[in-house]
Amino acid sequence: MSKPLRLLLALLAALALVAAACGDDDDGGDSDSNAAQDDEGGGDDPAIVIGAQDFGESAILAEIYKQRLESEGYEVSIQSLGGFRDIELEGFDSGEINFAPEYAASMLEFLNENKGEATSDVDETVDKLQGYLDEKGLTALEPTDAVDTNAFVVTDETAEEVGLESLSDLAEKGSDLKLGGPADCETNPFCIPGLRDTYGLDLSGNFTALDAAAVADTLAADQVDIGILFSTSGRIADEGWVLLEDDKQMLAADNVVPVVKDELTTAYGNELADTVDEVSAALTTEELTELNKRYEVDKEDAADVASSWLEDNGLAG
């Protein structure tokens with residue numbers, strides 16, 4: 001090959017590289033965008049994989065955060081874990097997941113092996129939780145106002161007949177009422193011992209130990225007067241039951257709190273956290289209870305429940 005021809009071919013190759021680079025700039029991509037890159041396409045930013053534990057509320061929360069993040073351009077998927085917190089933490093460790101909706105007090109007590117560090121103050125509880133998360137390369141983002149904890153529930157009829165709105169009312173007027181709940185209520189510091197220590201009410205003599213799944217049906221059948229249910233149980237909304245206010249703040253701060261792997265905060269910084277925090281700021285106990293009703297009782301799909309909630313709160317894409 002002659003020297004002039006070699007020079008011509010080299011010049012053409014260089015022009016092709018320039019054209020290809022210009023084409024990349026014109027395809028709508030933005031190097032400064034907070035959107036997650038597709039790993040299969042060679043991007044450096046990690047895709048977000050949300051772990052959903054094996055119950056309906058976790059599936060709903062995972063869909064809410066997924067759909068909101070997708071609307072901002074992130075690449076997001078949900079990994080069903082088929083288990084609970086131990087499986088979730090294994091998923092974080094292995095890299096199978098890097099995001100999970102969690103519960104502040106419960107996760108703290110799981111990680112500290114039930115030392116009793118959780119309090120009714122959500123900020124204090126999350127601060128203590130973060131100390132344990134630091135060891136695992138995880139970060140708790142802003143907690144929501146939605147609290148899913150063991151709570152004391154009465155039927156509307158009992159509330160009206162006895163005059164009950166709060167646990168203080170129960171202590172004053174309900175010492176003869178029958179309490180039904182899981183067997184550990186007798187020793188759980190947020191159940192019978194907590195009522196005794198915080199409210200001066202001892203219901204140990206009126207307590208019936210029940211399988212957790214049977215509490216709501218037993219309450220509905222008037223076989224007990226007070227049931228220990230999760231505070232966001234869909235049955236509460238469906239039946240119109242009364243969740244007694246913990247007016248002396250006995251119960252632990254089991255607020256929903258998103259937990260993410262540090263690789264996400266490193267890759268996306270405040271933009272990711274701001275998007276997640278915006279969703280969290282809109283979640284309340286009452287709304288989450290209604291969402292659970294739609295899933296548990298009305299048998300709606302978790303993705304549909306999440307989508308309509310995001311639309312109602314002005315958070316849909």
# chains A, B, ... in the order shown; residues from 1 in each chain; ligands from 1
call {"tool": "select_by_dssp", "arguments": {"residues": "region 233-294 of chain A", "states": "strand (DSSP E)", "output": "VMD selection string"}}
result
chain A and resid 242 to 243 256 to 261
call {"tool": "residues_around", "arguments": {"residues": "region 255-271 of chain A", "least_positions_apart": "5", "cutoff": "9 Å", "atoms": "only C-alpha atoms", "output": "PDB file with N, CA and C atoms, in the first residue's frame"}}
result
ATOM      1  N   ASN A  34     -28.951  12.126  36.844  1.00  0.00           N
ATOM      2  CA  ASN A  34     -28.941  11.238  38.011  1.00  0.00           C
ATOM      3  C   ASN A  34     -29.497   9.879  37.673  1.00  0.00           C
ATOM      4  N   ALA A  35     -29.918   9.674  36.410  1.00  0.00           N
ATOM      5  CA  ALA A  35     -30.511   8.390  36.035  1.00  0.00           C
ATOM      6  C   ALA A  35     -29.460   7.296  36.088  1.00  0.00           C
ATOM      7  N   ALA A  36     -29.898   6.125  36.542  1.00  0.00           N
ATOM      8  CA  ALA A  36     -28.991   4.982  36.620  1.00  0.00           C
ATOM      9  C   ALA A  36     -28.650   4.491  35.225  1.00  0.00           C
ATOM     10  N   ASP A  44     -21.321   2.825  34.523  1.00  0.00           N
ATOM     11  CA  ASP A  44     -20.616   2.614  35.778  1.00  0.00           C
ATOM     12  C   ASP A  44     -21.541   2.659  36.989  1.00  0.00           C
ATOM     13  N   ASP A  45     -22.674   3.367  36.867  1.00  0.00           N
ATOM     14  CA  ASP A  45     -23.564   3.529  38.015  1.00  0.00           C
ATOM     15  C   ASP A  45     -24.369   2.266  38.262  1.00  0.00           C
ATOM     16  N   PRO A  46     -24.527   1.864  39.535  1.00  0.00           N
ATOM     17  CA  PRO A  46     -25.239   0.609  39.827  1.00  0.00           C
ATOM     18  C   PRO A  46     -26.741   0.743  39.622  1.00  0.00           C
ATOM     19  N   ALA A  47     -27.359  -0.311  39.135  1.00  0.00           N
ATOM     20  CA  ALA A  47     -28.815  -0.375  39.106  1.00  0.00           C
ATOM     21  C   ALA A  47     -29.307  -0.536  40.541  1.00  0.00           C
ATOM     22  N   ILE A  48     -30.528  -0.101  40.792  1.00  0.00           N
ATOM     23  CA  ILE A  48     -31.114  -0.206  42.133  1.00  0.00           C
ATOM     24  C   ILE A  48     -31.960  -1.470  42.196  1.00  0.00           C
ATOM     25  N   ILE A  50     -34.383  -3.406  44.824  1.00  0.00           N
ATOM     26  CA  ILE A  50     -35.099  -3.259  46.091  1.00  0.00           C
ATOM     27  C   ILE A  50     -35.516  -4.630  46.601  1.00  0.00           C
ATOM     28  N   PHE A  92     -28.162  -8.033  51.189  1.00  0.00           N
ATOM     29  CA  PHE A  92     -27.283  -6.865  51.198  1.00  0.00           C
ATOM     30  C   PHE A  92     -25.820  -7.306  51.140  1.00  0.00           C
ATOM     31  N   GLY A  95     -24.781  -8.635  47.725  1.00  0.00           N
ATOM     32  CA  GLY A  95     -24.968  -7.735  46.602  1.00  0.00           C
ATOM     33  C   GLY A  95     -26.207  -8.029  45.787  1.00  0.00           C
ATOM     34  N   ILE A  97     -29.237  -7.343  46.667  1.00  0.00           N
ATOM     35  CA  ILE A  97     -30.057  -6.146  46.781  1.00  0.00           C
ATOM     36  C   ILE A  97     -29.185  -4.999  47.284  1.00  0.00           C
ATOM     37  N   ASN A  98     -29.661  -3.762  47.089  1.00  0.00           N
ATOM     38  CA  ASN A  98     -28.940  -2.604  47.634  1.00  0.00           C
ATOM     39  C   ASN A  98     -29.896  -1.557  48.201  1.00  0.00           C
ATOM     40  N   PHE A  99     -31.161  -1.926  48.371  1.00  0.00           N
ATOM     41  CA  PHE A  99     -32.183  -1.006  48.886  1.00  0.00           C
ATOM     42  C   PHE A  99     -33.267  -1.861  49.531  1.00  0.00           C
ATOM     43  N   ALA A 100     -33.795  -1.415  50.678  1.00  0.00           N
ATOM     44  CA  ALA A 100     -34.911  -2.138  51.294  1.00  0.00           C
ATOM     45  C   ALA A 100     -35.716  -1.200  52.183  1.00  0.00           C
ATOM     46  N   PRO A 101     -37.051  -1.268  52.117  1.00  0.00           N
ATOM     47  CA  PRO A 101     -37.874  -0.575  53.103  1.00  0.00           C
ATOM     48  C   PRO A 101     -37.796  -1.341  54.418  1.00  0.00           C
ATOM     49  N   GLU A 102     -37.410  -0.670  55.485  1.00  0.00           N
ATOM     50  CA  GLU A 102     -37.222  -1.338  56.772  1.00  0.00           C
ATOM     51  C   GLU A 102     -38.051  -0.645  57.852  1.00  0.00           C
ATOM     52  N   TYR A 103     -37.880  -1.125  59.095  1.00  0.00           N
ATOM     53  CA  TYR A 103     -38.599  -0.611  60.258  1.00  0.00           C
ATOM     54  C   TYR A 103     -37.565  -0.301  61.335  1.00  0.00           C
ATOM     55  N   ALA A 104     -37.531   0.953  61.765  1.00  0.00           N
ATOM     56  CA  ALA A 104     -36.412   1.454  62.569  1.00  0.00           C
ATOM     57  C   ALA A 104     -36.157   0.628  63.825  1.00  0.00           C
ATOM     58  N   ALA A 105     -37.156   0.523  64.697  1.00  0.00           N
ATOM     59  CA  ALA A 105     -36.937  -0.151  65.976  1.00  0.00           C
ATOM     60  C   ALA A 105     -36.663  -1.639  65.799  1.00  0.00           C
ATOM     61  N   VAL A 122     -38.309   8.470  67.200  1.00  0.00           N
ATOM     62  CA  VAL A 122     -37.834   7.908  65.936  1.00  0.00           C
ATOM     63  C   VAL A 122     -36.438   8.402  65.585  1.00  0.00           C
ATOM     64  N   VAL A 126     -33.349   5.888  65.040  1.00  0.00           N
ATOM     65  CA  VAL A 126     -32.636   5.803  63.766  1.00  0.00           C
ATOM     66  C   VAL A 126     -31.155   6.122  63.954  1.00  0.00           C
ATOM     67  N   LEU A 133     -25.612   0.023  61.234  1.00  0.00           N
ATOM     68  CA  LEU A 133     -25.584  -0.030  59.774  1.00  0.00           C
ATOM     69  C   LEU A 133     -24.223   0.360  59.223  1.00  0.00           C
ATOM     70  N   LYS A 136     -21.981  -2.336  58.344  1.00  0.00           N
ATOM     71  CA  LYS A 136     -22.381  -3.167  57.213  1.00  0.00           C
ATOM     72  C   LYS A 136     -22.373  -2.407  55.887  1.00  0.00           C
ATOM     73  N   GLY A 137     -21.892  -1.166  55.906  1.00  0.00           N
ATOM     74  CA  GLY A 137     -21.870  -0.386  54.677  1.00  0.00           C
ATOM     75  C   GLY A 137     -23.251   0.012  54.203  1.00  0.00           C
ATOM     76  N   LEU A 138     -24.150   0.289  55.161  1.00  0.00           N
ATOM     77  CA  LEU A 138     -25.532   0.656  54.857  1.00  0.00           C
ATOM     78  C   LEU A 138     -25.860   2.015  55.459  1.00  0.00           C
ATOM     79  N   THR A 139     -26.860   2.673  54.883  1.00  0.00           N
ATOM     80  CA  THR A 139     -27.287   3.983  55.368  1.00  0.00           C
ATOM     81  C   THR A 139     -28.802   4.025  55.462  1.00  0.00           C
ATOM     82  N   ALA A 140     -29.309   4.528  56.578  1.00  0.00           N
ATOM     83  CA  ALA A 140     -30.742   4.767  56.733  1.00  0.00           C
ATOM     84  C   ALA A 140     -31.055   6.169  56.221  1.00  0.00           C
ATOM     85  N   LEU A 141     -31.983   6.266  55.286  1.00  0.00           N
ATOM     86  CA  LEU A 141     -32.435   7.570  54.818  1.00  0.00           C
ATOM     87  C   LEU A 141     -33.506   8.096  55.769  1.00  0.00           C
ATOM     88  N   GLU A 142     -34.176   9.176  55.421  1.00  0.00           N
ATOM     89  CA  GLU A 142     -35.137   9.786  56.331  1.00  0.00           C
ATOM     90  C   GLU A 142     -36.305   8.837  56.628  1.00  0.00           C
ATOM     91  N   PRO A 143     -36.685   8.693  57.896  1.00  0.00           N
ATOM     92  CA  PRO A 143     -37.825   7.823  58.221  1.00  0.00           C
ATOM     93  C   PRO A 143     -39.145   8.464  57.813  1.00  0.00           C
ATOM     94  N   THR A 144     -40.150   7.640  57.634  1.00  0.00           N
ATOM     95  CA  THR A 144     -41.493   8.135  57.316  1.00  0.00           C
ATOM     96  C   THR A 144     -42.268   8.360  58.612  1.00  0.00           C
ATOM     97  N   ASP A 145     -43.463   8.943  58.482  1.00  0.00           N
ATOM     98  CA  ASP A 145     -44.373   9.067  59.620  1.00  0.00           C
ATOM     99  C   ASP A 145     -45.229   7.812  59.787  1.00  0.00           C
ATOM    100  N   ALA A 146     -45.088   6.865  58.870  1.00  0.00           N
ATOM    101  CA  ALA A 146     -45.864   5.620  58.934  1.00  0.00           C
ATOM    102  C   ALA A 146     -45.206   4.661  59.919  1.00  0.00           C
ATOM    103  N   VAL A 147     -45.955   4.249  60.921  1.00  0.00           N
ATOM    104  CA  VAL A 147     -45.441   3.369  61.965  1.00  0.00           C
ATOM    105  C   VAL A 147     -46.183   2.046  61.923  1.00  0.00           C
ATOM    106  N   ASP A 148     -45.435   0.962  61.795  1.00  0.00           N
ATOM    107  CA  ASP A 148     -46.034  -0.369  61.820  1.00  0.00           C
ATOM    108  C   ASP A 148     -45.455  -1.121  63.013  1.00  0.00           C
ATOM    109  N   THR A 149     -46.205  -1.080  64.099  1.00  0.00           N
ATOM    110  CA  THR A 149     -45.742  -1.709  65.333  1.00  0.00           C
ATOM    111  C   THR A 149     -46.900  -2.426  65.992  1.00  0.00           C
ATOM    112  N   VAL A 276     -36.016   9.734  47.295  1.00  0.00           N
ATOM    113  CA  VAL A 276     -36.556   8.767  48.256  1.00  0.00           C
ATOM    114  C   VAL A 276     -37.203   9.491  49.435  1.00  0.00           C
ATOM    115  N   ASP A 277     -36.545  10.530  49.936  1.00  0.00           N
ATOM    116  CA  ASP A 277     -37.077  11.274  51.080  1.00  0.00           C
ATOM    117  C   ASP A 277     -38.411  11.947  50.751  1.00  0.00           C
ATOM    118  N   SER A 280     -40.967   9.324  51.210  1.00  0.00           N
ATOM    119  CA  SER A 280     -41.106   8.995  52.628  1.00  0.00           C
ATOM    120  C   SER A 280     -41.874  10.074  53.385  1.00  0.00           C
ATOM    121  N   LEU A 283     -45.719   9.477  53.366  1.00  0.00           N
ATOM    122  CA  LEU A 283     -46.321   8.259  53.926  1.00  0.00           C
ATOM    123  C   LEU A 283     -46.762   8.462  55.373  1.00  0.00           C
ATOM    124  N   THR A 285     -49.225   6.560  58.741  1.00  0.00           N
ATOM    125  CA  THR A 285     -49.768   5.292  59.240  1.00  0.00           C
ATOM    126  C   THR A 285     -51.153   5.033  58.659  1.00  0.00           C
TER     127      THR A 285
END
